[in-house]
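Notes follow the structure.
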Amino acid sequence: MQLDINTYPAVQPLQTVENEMWDDENYWRQNVRWVCSMYNQLVVTPQLIGLPNQDPFYGLQNRYVPQYVKYARYVFGWQYGTSYELTAKDGNNNNTQIPLYRGKDIIALFNYFRGKFGYLIKPIPDIMQAGCIAGDALSRKTTEKNVMKYMMDGRNFLKQQQLLGNIQVEAGTDLDITDEQDIEALYTNFVEASEKTYVKFGKSFYISNECYDQFIKGAQYCFIGGRATSFITERNGKVFMDLVPPEYAVVDMNKNDDQHRDDDYAGQIKPYSVSDVVSKWKLTEDEAKDLERIARDGTSQAPYVTGWVNFNWYSNYNGVPKVWVAEKIQWQSITYVDGVPVSCIREATLIGNKYLKDQKIVPNSILDKRDKRRKRLSYITCTPNTILGANQGVIGMVSDMQDIKDSLITMMLNSVARSIGKAIYIDTAQLPEGMRSPEFLSQLKQNGVIAANRSEIDADQKMNPLIEVMDLTLDPNINSLLNQVAYFDNAIADVLNMPKNVRLGSGSYQSEGQRTSNAENSDTGNQWLYGSLTKWIENNIEFAADLWIKIAAEGGEDIAVMVGDTMAEMLTNKEIQDCYDSDYKMYLNFDNTVTQEAKVTLQGMAVQEAGVNPDAKLEFLNILELKTISGMKSYLQNEKRKRQQREDAAIKQQQEAAAANSQMQAEAQQNIAAQQGQTALENSAMNNNAKQEEMMLQNEMNNAQPPQQ
């Protein structure tokens with residue numbers, strides 16, 4: 001089938017065609033051109049039943065890119081303003097060229113949002129969690145839990161599973177199971193080895209791509225234009241994320257899905273120099289020369305700029321010819337496997353509307369976990385404020401009010417500039433006839449004297465002096481202008497639910513509780529933006545982990561992954577295969593992060609407890625290193641358990657010492673009594689022996705015969 005190279009179809013070409021149809025490069029071009037026609041396109045809302053088949057807002061809406069560029073200028077205070085020549089008058093009522101004052105409210109909002117969001121996502125690597133959603137793996141997990149329950153008393157099974165990595169216990173806890181709550185807590189912390197592997201892939205993607213800075217940039221894009229787009233791809237066995245600026249992104253706005261999971265097409269259209277194009281897509285020598293010729297010759301560009309696309313394929317920036325490239329354009333398509341149609345993602349690049357490159361079915365494309373029959377695009381877009389196919393960033397909500405406020409301040413400054421100060425006033429009605437000539441009055445004005453007929457100004461004639469000094473320092477309308485400025489200042493804060501005392505500080509005193517309440521309320525009012533962006537980040541990490549695991553499993557080798565800024569681990573092929581066999585859901589529990597307010601509260605508690613607990617200050621310093629509430633809770637519980645163990649050990653030692661002392665005293669008393677008894681026996685024996693000896697002596701004396709005479 002021969003196709004015209006300059007045909008731009010109004011309807012997407014058929015996808016349910018024979019595979020041989022895709023052998024024709026022109027058919028790929030037709031599809032790419034149709035996707036390109038959606039770039040910077042007017043948003044067409046769904047047709048309402050009963051109304052003519054025409055969008056009533058079609059001719060009233062601006063294209064997205066000009067709107068985005070307009071709003072981006074507000075961040076730098078470069079917004080376009082109206083000429084105030086007609087309202088800015090000098091003392092002679094002549095027009096003056098007074099520039100428009102451009103306020104910095106939006107810059108303050110922009111910086112406040114960036115700081116809050118940066119603080120919110122800082123602990124992402126520490127709060128990543130994975131949950132298995134596959135039936136087989138869940139069955140294995142339940143079986144192991146049941147076995148663990150029956151073998152709880154032995155402890156050996158638990159310790160073995162922990163060493164194998166099948167059980168993850170929060171930092172600071174141990175396996176000393178004493179009650180039902182401990183058992184439930186252990187079940188909550190149970191993590192399969194494959195779930196831990198999944199999280200490691202997510203961490204490695206986040207760290208190696210420096211995603212913190214990229215996600216911050218995406219959040220800034222959303223703040224300005226209500227759109228953030230990322231492109232996740234594989235290069236040399238690793239997964240990378242490229243952020244697509246809103247002015248280059250092709251987004252499917254036919255959906256009201258803020259996360260764009262169901263997009264049918266996406267892409268990016270960027271300008272490149274000819275040398276960049278030649279080196280990046282490896283053009284042949286003839287193609288490079290031809291492209292150079294077209295880029296420099298307006299006449300040669302004519303055949304390639306036709307069609308109802310919303311951009312020029314060739315342009316010139318600062319004397320450098322630029323070629324626009326529809327890069328990595330993707331769309332939902334169909335291919336046939338054994339005669340059965342299956343979902344696939346097709347991708348192609350069109351250079352200068354002439355050269356088609358890299359057309360292919362995307363390998364390693366990821367299935368949608370909600371619908372396994374459908375593949376997902378590699379583009380992940382977030383439009384957190386989508387209604388009826390249109391979306392708007394924060395700046396779009398308040399830009400008109402910023403303009404009105406700036407104009408009011410300009411008028412006020414103009415009034416100040418026109419102030420004359422103290423001036424001499426002459427009533428011309430009281431001047432003699434010869435001094436009322438226009439020439440004389442003109443000379444008075446040139447010398448700074450105000451000459452006017454008071455009777456023409458003031459109908460109530462009073463006795464007024466001929467000459468008086470009047471104070472014309474300021475226009476009395478300035479106070480009214482200031483009140484209007486304050487009104488729009490409050491209106492901007494109300495739209496964003498972001499009080500001035502939260503984002504810029506307050507001159508009046510506020511209690512700590514009031515400031516905390518204001519900050520919490522402002523966060524709640526902007527949850528539509530924070531919530532969508534954090535979900536977009538979660539989708540990026542989950543998609544990248546799925547893609548990386550699929551690539552690693554098909555590679556069949558052990559790989560190294562980054563699990564910390566300076567830490568890496570080797571994952572075996574078996575671990576990767578076990579993880580690849582099941583589906584997992586990535587979850588970022590931002591509610592589990594330790595806020596600065598919590599740390600301040602803990603600091604106060606540590607100071608109070610320092611009197612009774614000497615380790616309170618050291619524990620607080622250790623807590624500052626923790627980034628999750630669960631980890632903090634576990635650490636405090638563990639420290640409490642250790643203190644209790646030390647106290648119990650001290651009490652036991654005192655009791656043992658007291659018991660030993662009592663026993664020693666009893667033994668001493670027994671020894672004394674025994675010694676005293678032995679002494680008494682010895683004394684008694686000695687007395688008895690003495691008596692016996694005395695009796696024996698007496699008997700001997702009695703039995704003795706008298707001497708003979």
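The way I read the labels, and the way they are meant: chains A, B, ... in the order of the structure tokens, residue 1 as the first residue of every chain, and ligand 1 as the first ligand shown, with later ones counted on from there.
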List every residue of range 535-673 of chain A that DSSP, applied to the backbone, labels as strand (DSSP E), and write the result as a PDB file with all heavy atoms, in the first residue's frame.
ATOM      1  N   ILE A 559      23.470  -9.738  39.514  1.00  0.00           N
ATOM      2  CA  ILE A 559      23.700  -8.323  39.239  1.00  0.00           C
ATOM      3  C   ILE A 559      23.909  -7.580  40.553  1.00  0.00           C
ATOM      4  O   ILE A 559      23.507  -8.047  41.634  1.00  0.00           O
ATOM      5  CB  ILE A 559      22.536  -7.681  38.457  1.00  0.00           C
ATOM      6  CG1 ILE A 559      21.250  -7.686  39.312  1.00  0.00           C
ATOM      7  CG2 ILE A 559      22.298  -8.385  37.142  1.00  0.00           C
ATOM      8  CD1 ILE A 559      20.141  -6.866  38.686  1.00  0.00           C
ATOM      9  N   ALA A 560      24.528  -6.414  40.452  1.00  0.00           N
ATOM     10  CA  ALA A 560      24.748  -5.553  41.612  1.00  0.00           C
ATOM     11  C   ALA A 560      23.725  -4.422  41.586  1.00  0.00           C
ATOM     12  O   ALA A 560      23.455  -3.838  40.537  1.00  0.00           O
ATOM     13  CB  ALA A 560      26.166  -4.979  41.583  1.00  0.00           C
ATOM     14  N   VAL A 561      23.149  -4.124  42.742  1.00  0.00           N
ATOM     15  CA  VAL A 561      22.176  -3.048  42.860  1.00  0.00           C
ATOM     16  C   VAL A 561      22.595  -2.126  43.988  1.00  0.00           C
ATOM     17  O   VAL A 561      23.239  -2.546  44.951  1.00  0.00           O
ATOM     18  CB  VAL A 561      20.752  -3.588  43.124  1.00  0.00           C
ATOM     19  CG1 VAL A 561      20.242  -4.364  41.933  1.00  0.00           C
ATOM     20  CG2 VAL A 561      20.718  -4.454  44.376  1.00  0.00           C
ATOM     21  N   MET A 562      22.227  -0.858  43.858  1.00  0.00           N
ATOM     22  CA  MET A 562      22.507   0.137  44.887  1.00  0.00           C
ATOM     23  C   MET A 562      21.373   0.142  45.894  1.00  0.00           C
ATOM     24  O   MET A 562      20.211   0.316  45.523  1.00  0.00           O
ATOM     25  CB  MET A 562      22.649   1.521  44.259  1.00  0.00           C
ATOM     26  CG  MET A 562      23.816   1.681  43.312  1.00  0.00           C
ATOM     27  SD  MET A 562      25.402   1.690  44.169  1.00  0.00           S
ATOM     28  CE  MET A 562      25.260   3.207  45.103  1.00  0.00           C
ATOM     29  N   VAL A 563      21.696  -0.063  47.156  1.00  0.00           N
ATOM     30  CA  VAL A 563      20.680  -0.037  48.208  1.00  0.00           C
ATOM     31  C   VAL A 563      20.907   1.131  49.153  1.00  0.00           C
ATOM     32  O   VAL A 563      20.162   1.318  50.115  1.00  0.00           O
ATOM     33  CB  VAL A 563      20.659  -1.357  48.996  1.00  0.00           C
ATOM     34  CG1 VAL A 563      20.223  -2.496  48.099  1.00  0.00           C
ATOM     35  CG2 VAL A 563      22.022  -1.648  49.604  1.00  0.00           C
ATOM     36  N   GLY A 564      21.934   1.915  48.910  1.00  0.00           N
ATOM     37  CA  GLY A 564      22.246   3.100  49.695  1.00  0.00           C
ATOM     38  C   GLY A 564      23.168   3.983  48.896  1.00  0.00           C
ATOM     39  O   GLY A 564      23.671   3.600  47.834  1.00  0.00           O
ATOM     40  N   MET A 567      26.311   2.102  49.290  1.00  0.00           N
ATOM     41  CA  MET A 567      26.206   0.671  49.553  1.00  0.00           C
ATOM     42  C   MET A 567      25.611  -0.040  48.337  1.00  0.00           C
ATOM     43  O   MET A 567      24.683   0.459  47.709  1.00  0.00           O
ATOM     44  CB  MET A 567      25.324   0.406  50.778  1.00  0.00           C
ATOM     45  CG  MET A 567      25.897   0.934  52.082  1.00  0.00           C
ATOM     46  SD  MET A 567      24.874   0.475  53.500  1.00  0.00           S
ATOM     47  CE  MET A 567      23.348   1.330  53.098  1.00  0.00           C
ATOM     48  N   ALA A 568      26.180  -1.204  48.039  1.00  0.00           N
ATOM     49  CA  ALA A 568      25.690  -2.027  46.934  1.00  0.00           C
ATOM     50  C   ALA A 568      25.614  -3.476  47.399  1.00  0.00           C
ATOM     51  O   ALA A 568      26.328  -3.887  48.319  1.00  0.00           O
ATOM     52  CB  ALA A 568      26.592  -1.907  45.713  1.00  0.00           C
ATOM     53  N   GLU A 569      24.720  -4.240  46.779  1.00  0.00           N
ATOM     54  CA  GLU A 569      24.550  -5.654  47.100  1.00  0.00           C
ATOM     55  C   GLU A 569      24.487  -6.451  45.806  1.00  0.00           C
ATOM     56  O   GLU A 569      24.035  -5.951  44.773  1.00  0.00           O
ATOM     57  CB  GLU A 569      23.277  -5.901  47.917  1.00  0.00           C
ATOM     58  CG  GLU A 569      23.338  -5.422  49.351  1.00  0.00           C
ATOM     59  CD  GLU A 569      22.109  -5.854  50.141  1.00  0.00           C
ATOM     60  OE1 GLU A 569      21.375  -6.741  49.626  1.00  0.00           O
ATOM     61  OE2 GLU A 569      21.881  -5.315  51.226  1.00  0.00           O
ATOM     62  N   MET A 570      24.938  -7.700  45.893  1.00  0.00           N
ATOM     63  CA  MET A 570      24.809  -8.625  44.769  1.00  0.00           C
ATOM     64  C   MET A 570      23.529  -9.432  44.943  1.00  0.00           C
ATOM     65  O   MET A 570      23.282  -9.986  46.014  1.00  0.00           O
ATOM     66  CB  MET A 570      26.013  -9.557  44.713  1.00  0.00           C
ATOM     67  CG  MET A 570      27.295  -8.884  44.272  1.00  0.00           C
ATOM     68  SD  MET A 570      27.217  -8.223  42.583  1.00  0.00           S
ATOM     69  CE  MET A 570      26.926  -9.736  41.648  1.00  0.00           C
ATOM     70  N   LEU A 571      22.722  -9.467  43.902  1.00  0.00           N
ATOM     71  CA  LEU A 571      21.515 -10.281  43.891  1.00  0.00           C
ATOM     72  C   LEU A 571      21.753 -11.465  42.974  1.00  0.00           C
ATOM     73  O   LEU A 571      22.153 -11.303  41.816  1.00  0.00           O
ATOM     74  CB  LEU A 571      20.317  -9.457  43.409  1.00  0.00           C
ATOM     75  CG  LEU A 571      19.872  -8.310  44.312  1.00  0.00           C
ATOM     76  CD1 LEU A 571      18.712  -7.564  43.668  1.00  0.00           C
ATOM     77  CD2 LEU A 571      19.472  -8.825  45.688  1.00  0.00           C
ATOM     78  N   TYR A 584       4.183  -7.596  42.387  1.00  0.00           N
ATOM     79  CA  TYR A 584       4.303  -6.858  43.635  1.00  0.00           C
ATOM     80  C   TYR A 584       3.814  -5.429  43.433  1.00  0.00           C
ATOM     81  O   TYR A 584       3.892  -4.863  42.351  1.00  0.00           O
ATOM     82  CB  TYR A 584       5.759  -6.846  44.125  1.00  0.00           C
ATOM     83  CG  TYR A 584       6.265  -8.220  44.448  1.00  0.00           C
ATOM     84  CD1 TYR A 584       6.885  -8.998  43.473  1.00  0.00           C
ATOM     85  CD2 TYR A 584       6.086  -8.769  45.702  1.00  0.00           C
ATOM     86  CE1 TYR A 584       7.325 -10.276  43.751  1.00  0.00           C
ATOM     87  CE2 TYR A 584       6.517 -10.043  45.990  1.00  0.00           C
ATOM     88  CZ  TYR A 584       7.135 -10.790  45.013  1.00  0.00           C
ATOM     89  OH  TYR A 584       7.558 -12.061  45.301  1.00  0.00           O
ATOM     90  N   LYS A 585       3.322  -4.877  44.501  1.00  0.00           N
ATOM     91  CA  LYS A 585       2.850  -3.490  44.512  1.00  0.00           C
ATOM     92  C   LYS A 585       3.791  -2.662  45.362  1.00  0.00           C
ATOM     93  O   LYS A 585       4.064  -3.006  46.506  1.00  0.00           O
ATOM     94  CB  LYS A 585       1.425  -3.421  45.083  1.00  0.00           C
ATOM     95  CG  LYS A 585       0.818  -2.030  45.022  1.00  0.00           C
ATOM     96  CD  LYS A 585       0.446  -1.679  43.602  1.00  0.00           C
ATOM     97  CE  LYS A 585      -0.206  -0.290  43.542  1.00  0.00           C
ATOM     98  NZ  LYS A 585       0.751   0.792  43.861  1.00  0.00           N
ATOM     99  N   MET A 586       4.305  -1.574  44.781  1.00  0.00           N
ATOM    100  CA  MET A 586       5.177  -0.672  45.524  1.00  0.00           C
ATOM    101  C   MET A 586       4.320   0.319  46.297  1.00  0.00           C
ATOM    102  O   MET A 586       3.313   0.826  45.793  1.00  0.00           O
ATOM    103  CB  MET A 586       6.118   0.071  44.570  1.00  0.00           C
ATOM    104  CG  MET A 586       7.134   0.954  45.258  1.00  0.00           C
ATOM    105  SD  MET A 586       8.326   0.028  46.245  1.00  0.00           S
ATOM    106  CE  MET A 586       9.300  -0.735  44.934  1.00  0.00           C
ATOM    107  N   TYR A 587       4.737   0.589  47.519  1.00  0.00           N
ATOM    108  CA  TYR A 587       3.976   1.499  48.376  1.00  0.00           C
ATOM    109  C   TYR A 587       4.943   2.395  49.118  1.00  0.00           C
ATOM    110  O   TYR A 587       5.909   1.918  49.719  1.00  0.00           O
ATOM    111  CB  TYR A 587       3.107   0.710  49.356  1.00  0.00           C
ATOM    112  CG  TYR A 587       2.353   1.582  50.341  1.00  0.00           C
ATOM    113  CD1 TYR A 587       1.431   2.531  49.897  1.00  0.00           C
ATOM    114  CD2 TYR A 587       2.568   1.467  51.709  1.00  0.00           C
ATOM    115  CE1 TYR A 587       0.745   3.334  50.791  1.00  0.00           C
ATOM    116  CE2 TYR A 587       1.874   2.260  52.607  1.00  0.00           C
ATOM    117  CZ  TYR A 587       0.971   3.188  52.139  1.00  0.00           C
ATOM    118  OH  TYR A 587       0.292   3.986  53.028  1.00  0.00           O
ATOM    119  N   LEU A 588       4.689   3.702  49.072  1.00  0.00           N
ATOM    120  CA  LEU A 588       5.488   4.683  49.805  1.00  0.00           C
ATOM    121  C   LEU A 588       4.633   5.244  50.936  1.00  0.00           C
ATOM    122  O   LEU A 588       3.672   5.981  50.690  1.00  0.00           O
ATOM    123  CB  LEU A 588       5.938   5.811  48.878  1.00  0.00           C
ATOM    124  CG  LEU A 588       6.758   5.399  47.653  1.00  0.00           C
ATOM    125  CD1 LEU A 588       7.085   6.619  46.806  1.00  0.00           C
ATOM    126  CD2 LEU A 588       8.031   4.679  48.064  1.00  0.00           C
TER     127      LEU A 588
END
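Summary of the local environment: counting only C-alpha atoms, residues at most 9 Å from Phe488 in chain A, other than itself and those fewer than 4 positions away along its chain, are A:Met401, A:Gln402, A:Ile404, A:Lys405, A:Asn483, A:Gln484, A:Ile492, A:Ala493.
For the pair CA of Gly525 in chain A and CA of Lys116 in chain A, the interatomic distance is 13.4 Å.
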Which polymer residues have any atom within 8 Å of an atom of Glu575 in chain A, counting only C-alpha atoms, with same-chain residues fewer than 5 positions away left out, as JSON, numbers by chain?
{"A": [193, 194, 197]}
Output N, CA and C atoms for every residue in that selection, as an mmCIF file, in the first residue's frame.
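Listed below is the output, again_24.cif:
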data_model
loop_
_atom_site.group_PDB
_atom_site.id
_atom_site.type_symbol
_atom_site.label_atom_id
_atom_site.label_comp_id
_atom_site.auth_asym_id
_atom_site.auth_seq_id
_atom_site.Cartn_x
_atom_site.Cartn_y
_atom_site.Cartn_z
ATOM 1 N N ALA A 193 11.439 -12.879 51.123
ATOM 2 C CA ALA A 193 12.732 -12.532 50.536
ATOM 3 C C ALA A 193 12.544 -11.864 49.187
ATOM 4 N N SER A 194 11.563 -12.300 48.380
ATOM 5 C CA SER A 194 11.344 -11.707 47.063
ATOM 6 C C SER A 194 10.801 -10.285 47.178
ATOM 7 N N THR A 197 13.750 -8.216 47.730
ATOM 8 C CA THR A 197 14.465 -8.057 46.465
ATOM 9 C C THR A 197 13.807 -6.981 45.611
#
